[in-house]
Each structure stands twice: as structure tokens, then as C-alpha cells.
Amino acid sequence: MKHHSEMRGGFPVAAFDTLPEAERVLVRALRHWSDGPDGQERIARLLLASMGEAEAQTCQRALNDVMGVIARHGRRKLVRHKETCSCVGADEAVFAHFVMLAATGEREDAMLIGSLIVEGPLLMAMTEAARQAGLYLHRATISKLNATVRQRAGATLH
């Protein structure tokens with residue numbers, strides 16, 4: 001079966017529900033970002049649901065930096081699926097993986113993947129912005145996990 005060139009980057013590679021929470025937030029943010037001010041507002045609400053207001057604003061600024069570089073200087077336009085789509089496209093998965101690698105200290109691997117998205121001169125700045133955004137998302141995920149563990153630990157079991 002042959003695929004059209006429009007499928008490049010949009011080919012499904014995962015089910016949305018199987019992604020870790022931080023990566024799901026990143027895929028949603030990517031899907032919303034190109035929708036202009038309305039999409040930016042949806043990202044703000046999405047981040048507020050995961051973290052405090054100050055953290056959400058800082059995270060959104062960093063995401064805006066990353067996605068702005070990609071939009072203006074990307075090797076090609078990233079393909080994104082519809083907001084409600086239950087699958088994750090290749091570009092969406094690569095973007096989320098790039099951000100989380102940067103956030104978790106895998107800088108060289110993040111830069112290698114980032115080089116598939118933008119040219120070299122922009123790579124350092126984009127990776128640093130991705131690191132910052134990803135750290136906020138990673139912390140929010142850990143905080144939720146800790147709250148769930150504390151809640152279960154406090155329960156009386158018979």
C-alpha cells in the first residue's frame with residue numbers, strides 16, 4: 001500500500017491513551033497551538049489543570065518558544081491530528097518525545113531528535129525552551145502521582 005506524501009509525519013504510531021500523561025499534554029498543546037488565540041487559550045486551560053497558575057504561565061511561554069521556532073524555522077510543517085483523534089501521529093510523538101528527553105536530562109538525545117525538526121543554529125535555544133516546558137510538565141505528573149500514592153497510603157485496608 002502506498003501512502004500519499006501528505007501522510008508523512010501524520011502516520012499513526014501510537015494510541016493517545018497509551019502515552020504518559022506529560023506526553024499527552026504535549027500532543028494536545030501541539031494540536032491546539034496552530035489554532036491561534038483560541039488554541040493558545042485552550043493550552044492555558046490545559047496547563048492550569050495540571051499545575052499552578054505561575055507554573056502554567058511559565059510552561060506556556062516555554063512551549064510558545066518551542067512551537068514558534070518550529071513554526072517559523074521548521075524543516076517542514078509538523079502534521080497534527082484533530083483534537084479529538086485517539087491516535088498519535090509520528091510528528092506528534094517525535095515532538096512529545098523530544099520535549100521529555102530535554103526535560104529529563106537527555107540533552108544529546110533531545111538535540112539529535114530536535115535536529116530532525118529544525119536546522120542546527122536554532123537547536124540549542126529550542127532544546128532549552130523544551131527542557132523548561134518539559135520540566136514543568138514532568139513535575140506536575142510526579143506531583144499527581146505522589147498525591148495518588150499518599151491518598152492510597154492513608155486508606156485503611158481490611
# chains A, B, ... in the order shown; residues from 1 in each chain; ligands from 1
>>> select_by_dssp(residues="chain A", states="strand (DSSP E or B)", output="PyMOL selection string")
chain A and resi 12-15+74+87-89+118
>>> residues_around(residues="A:Leu137", least_positions_apart="3", cutoff="6 Å", atoms="only C-alpha atoms", output="PDB file with N, CA and C atoms, in the first residue's frame")
ATOM      1  N   ALA A  22       2.332  13.468  30.705  1.00  0.00           N
ATOM      2  CA  ALA A  22       3.029  14.664  30.222  1.00  0.00           C
ATOM      3  C   ALA A  22       3.064  14.692  28.691  1.00  0.00           C
ATOM      4  N   GLY A 134       9.119  21.020  29.505  1.00  0.00           N
ATOM      5  CA  GLY A 134       9.011  19.628  29.892  1.00  0.00           C
ATOM      6  C   GLY A 134       9.213  19.413  31.381  1.00  0.00           C
ATOM      7  N   ALA A 140       4.603  18.280  37.333  1.00  0.00           N
ATOM      8  CA  ALA A 140       3.154  18.178  37.549  1.00  0.00           C
ATOM      9  C   ALA A 140       2.717  16.715  37.558  1.00  0.00           C
TER      10      ALA A 140
END
>>> select_by_dssp(residues="chain A", states="alpha helix (DSSP H)", output="PyMOL selection string")
chain A and resi 21-33+37-48+53-73+90-103+107-114+123-154
>>> atom_distance(atom1="atom CA of A:Ala103", atom2="atom CA of A:Leu135")
4.9 Å
>>> atom_distance(atom1="atom CA of A:Ala130", atom2="atom CA of A:Phe95")
9.6 Å
>>> atom_distance(atom1="atom CA of A:Gly52", atom2="atom CA of A:Trp33")
20.3 Å
>>> residues_around(residues="A:Val66", least_positions_apart="2", cutoff="6 Å", atoms="only C-alpha atoms", output="VMD selection string")
chain A and resid 63 to 64 68 to 69 126 129
>>> residues_around(residues="A:Arg42", least_positions_apart="4", cutoff="9 Å", atoms="only C-alpha atoms", output="number ranges by chain")
A: 29, 32-33, 37-38, 46-47
>>> write_last_selection(atoms="N, CA and C atoms", output="compact mmCIF listing (two decimals), in the first residue's frame")
# COMPACT_ATOMS: atom_id res chain seq x y z
N ALA A 29 -1.23 20.15 23.32
CA ALA A 29 -0.74 21.51 23.11
C ALA A 29 -0.33 21.73 21.65
N HIS A 32 -3.39 22.18 19.57
CA HIS A 32 -4.08 23.46 19.78
C HIS A 32 -3.29 24.67 19.28
N TRP A 33 -1.97 24.61 19.35
CA TRP A 33 -1.13 25.79 19.18
C TRP A 33 -1.38 26.50 17.85
N PRO A 37 -5.16 32.41 18.77
CA PRO A 37 -5.51 32.80 20.15
C PRO A 37 -6.46 31.82 20.84
N ASP A 38 -7.41 31.27 20.10
CA ASP A 38 -8.32 30.29 20.71
C ASP A 38 -7.57 29.05 21.17
N LEU A 46 -5.51 23.84 29.69
CA LEU A 46 -4.94 22.50 29.81
C LEU A 46 -3.81 22.48 30.83
N LEU A 47 -2.94 23.47 30.77
CA LEU A 47 -1.82 23.54 31.70
C LEU A 47 -2.28 23.86 33.12
>>> closest_residue(among="A:Glu92, A:Glu41, A:Glu83, A:Glu128", to="A:Gly105", atoms="only C-alpha atoms")
A:Glu128
>>> closest_residue(among="A:Asp109, A:Thr18, A:Val118, A:Thr141", to="A:Ala49", atoms="only C-alpha atoms")
A:Thr141
>>> residues_around(residues="A:His73", least_positions_apart="6", cutoff="10 Å", atoms="only C-alpha atoms", output="list in words")
Met67, Ile117, Val118, Glu119 and Leu122 of chain A
>>> write_last_selection(atoms="all heavy atoms", output="PDB file, in the first residue's frame")
ATOM      1  N   MET A  67       7.362  26.001  20.007  1.00  0.00           N
ATOM      2  CA  MET A  67       6.474  25.862  18.846  1.00  0.00           C
ATOM      3  C   MET A  67       6.632  27.025  17.874  1.00  0.00           C
ATOM      4  O   MET A  67       6.460  26.837  16.666  1.00  0.00           O
ATOM      5  CB  MET A  67       5.042  25.686  19.316  1.00  0.00           C
ATOM      6  CG  MET A  67       4.864  24.329  19.997  1.00  0.00           C
ATOM      7  SD  MET A  67       3.172  23.933  20.368  1.00  0.00           S
ATOM      8  CE  MET A  67       3.160  24.183  22.121  1.00  0.00           C
ATOM      9  N   ILE A 117      13.840  18.321  13.389  1.00  0.00           N
ATOM     10  CA  ILE A 117      12.748  19.286  13.341  1.00  0.00           C
ATOM     11  C   ILE A 117      13.208  20.641  12.815  1.00  0.00           C
ATOM     12  O   ILE A 117      12.515  21.260  12.011  1.00  0.00           O
ATOM     13  CB  ILE A 117      12.108  19.423  14.743  1.00  0.00           C
ATOM     14  CG1 ILE A 117      11.586  18.058  15.224  1.00  0.00           C
ATOM     15  CG2 ILE A 117      10.996  20.456  14.738  1.00  0.00           C
ATOM     16  CD1 ILE A 117      11.154  18.031  16.685  1.00  0.00           C
ATOM     17  N   VAL A 118      14.378  21.123  13.284  1.00  0.00           N
ATOM     18  CA  VAL A 118      14.890  22.432  12.861  1.00  0.00           C
ATOM     19  C   VAL A 118      16.369  22.331  12.496  1.00  0.00           C
ATOM     20  O   VAL A 118      17.035  21.359  12.823  1.00  0.00           O
ATOM     21  CB  VAL A 118      14.715  23.520  13.955  1.00  0.00           C
ATOM     22  CG1 VAL A 118      13.262  23.746  14.282  1.00  0.00           C
ATOM     23  CG2 VAL A 118      15.511  23.195  15.194  1.00  0.00           C
ATOM     24  N   GLU A 119      16.856  23.367  11.846  1.00  0.00           N
ATOM     25  CA  GLU A 119      18.273  23.445  11.482  1.00  0.00           C
ATOM     26  C   GLU A 119      19.138  23.682  12.718  1.00  0.00           C
ATOM     27  O   GLU A 119      18.664  24.198  13.739  1.00  0.00           O
ATOM     28  CB  GLU A 119      18.491  24.604  10.490  1.00  0.00           C
ATOM     29  CG  GLU A 119      17.773  24.435   9.166  1.00  0.00           C
ATOM     30  CD  GLU A 119      18.383  23.358   8.293  1.00  0.00           C
ATOM     31  OE1 GLU A 119      19.599  23.113   8.391  1.00  0.00           O
ATOM     32  OE2 GLU A 119      17.642  22.755   7.504  1.00  0.00           O
ATOM     33  N   LEU A 122      19.379  26.863  15.428  1.00  0.00           N
ATOM     34  CA  LEU A 122      18.236  27.103  16.320  1.00  0.00           C
ATOM     35  C   LEU A 122      18.063  26.006  17.357  1.00  0.00           C
ATOM     36  O   LEU A 122      17.233  26.114  18.256  1.00  0.00           O
ATOM     37  CB  LEU A 122      16.962  27.219  15.484  1.00  0.00           C
ATOM     38  CG  LEU A 122      17.002  28.337  14.447  1.00  0.00           C
ATOM     39  CD1 LEU A 122      15.907  28.154  13.428  1.00  0.00           C
ATOM     40  CD2 LEU A 122      16.903  29.673  15.136  1.00  0.00           C
TER      41      LEU A 122
END
>>> residues_around(residues="A:Phe16", least_positions_apart="3", cutoff="7 Å", atoms="only C-alpha atoms", output="count of residues only")
5
>>> closest_residue(among="A:Val25, A:Ala133, A:Ala110, A:Ala96", to="A:Ile43", atoms="only C-alpha atoms")
A:Val25
>>> closest_residue(among="A:Leu30, A:Leu78, A:Ala56, A:Val94", to="A:Val13", atoms="only C-alpha atoms")
A:Val94
>>> decode(residues="stretch 106-124 of chain A", atoms="N, CA and C atoms", output="compact mmCIF listing (two decimals), in the first residue's frame")
# COMPACT_ATOMS: atom_id res chain seq x y z
N GLU A 106 18.35 14.25 29.11
CA GLU A 106 18.94 13.53 27.97
C GLU A 106 19.18 14.53 26.83
N ARG A 107 20.01 15.52 27.12
CA ARG A 107 20.20 16.65 26.21
C ARG A 107 20.70 16.25 24.83
N GLU A 108 21.69 15.38 24.79
CA GLU A 108 22.25 14.98 23.50
C GLU A 108 21.22 14.26 22.65
N ASP A 109 20.46 13.36 23.27
CA ASP A 109 19.41 12.66 22.53
C ASP A 109 18.33 13.63 22.09
N ALA A 110 17.98 14.57 22.97
CA ALA A 110 16.97 15.57 22.61
C ALA A 110 17.45 16.40 21.42
N MET A 111 18.70 16.80 21.44
CA MET A 111 19.23 17.60 20.33
C MET A 111 19.28 16.79 19.04
N LEU A 112 19.59 15.52 19.13
CA LEU A 112 19.59 14.67 17.95
C LEU A 112 18.19 14.63 17.33
N ILE A 113 17.18 14.42 18.16
CA ILE A 113 15.80 14.41 17.65
C ILE A 113 15.40 15.80 17.19
N GLY A 114 15.77 16.82 17.95
CA GLY A 114 15.46 18.20 17.56
C GLY A 114 16.05 18.57 16.21
N SER A 115 17.20 17.97 15.86
CA SER A 115 17.82 18.27 14.57
C SER A 115 16.98 17.76 13.40
N LEU A 116 16.06 16.85 13.68
CA LEU A 116 15.14 16.40 12.64
C LEU A 116 14.03 17.43 12.41
N ILE A 117 13.84 18.32 13.39
CA ILE A 117 12.75 19.29 13.34
C ILE A 117 13.21 20.64 12.82
N VAL A 118 14.38 21.12 13.28
CA VAL A 118 14.89 22.43 12.86
C VAL A 118 16.37 22.33 12.50
N GLU A 119 16.86 23.37 11.85
CA GLU A 119 18.27 23.45 11.48
C GLU A 119 19.14 23.68 12.72
N GLY A 120 20.41 23.37 12.61
CA GLY A 120 21.36 23.45 13.71
C GLY A 120 21.43 24.74 14.50
N PRO A 121 21.50 25.92 13.85
CA PRO A 121 21.66 27.15 14.62
C PRO A 121 20.54 27.43 15.63
N LEU A 122 19.38 26.86 15.43
CA LEU A 122 18.24 27.10 16.32
C LEU A 122 18.06 26.01 17.36
N LEU A 123 18.85 24.99 17.24
CA LEU A 123 18.68 23.79 18.05
C LEU A 123 18.88 24.02 19.55
N MET A 124 19.90 24.75 19.92
CA MET A 124 20.20 24.97 21.34
C MET A 124 19.06 25.73 22.03
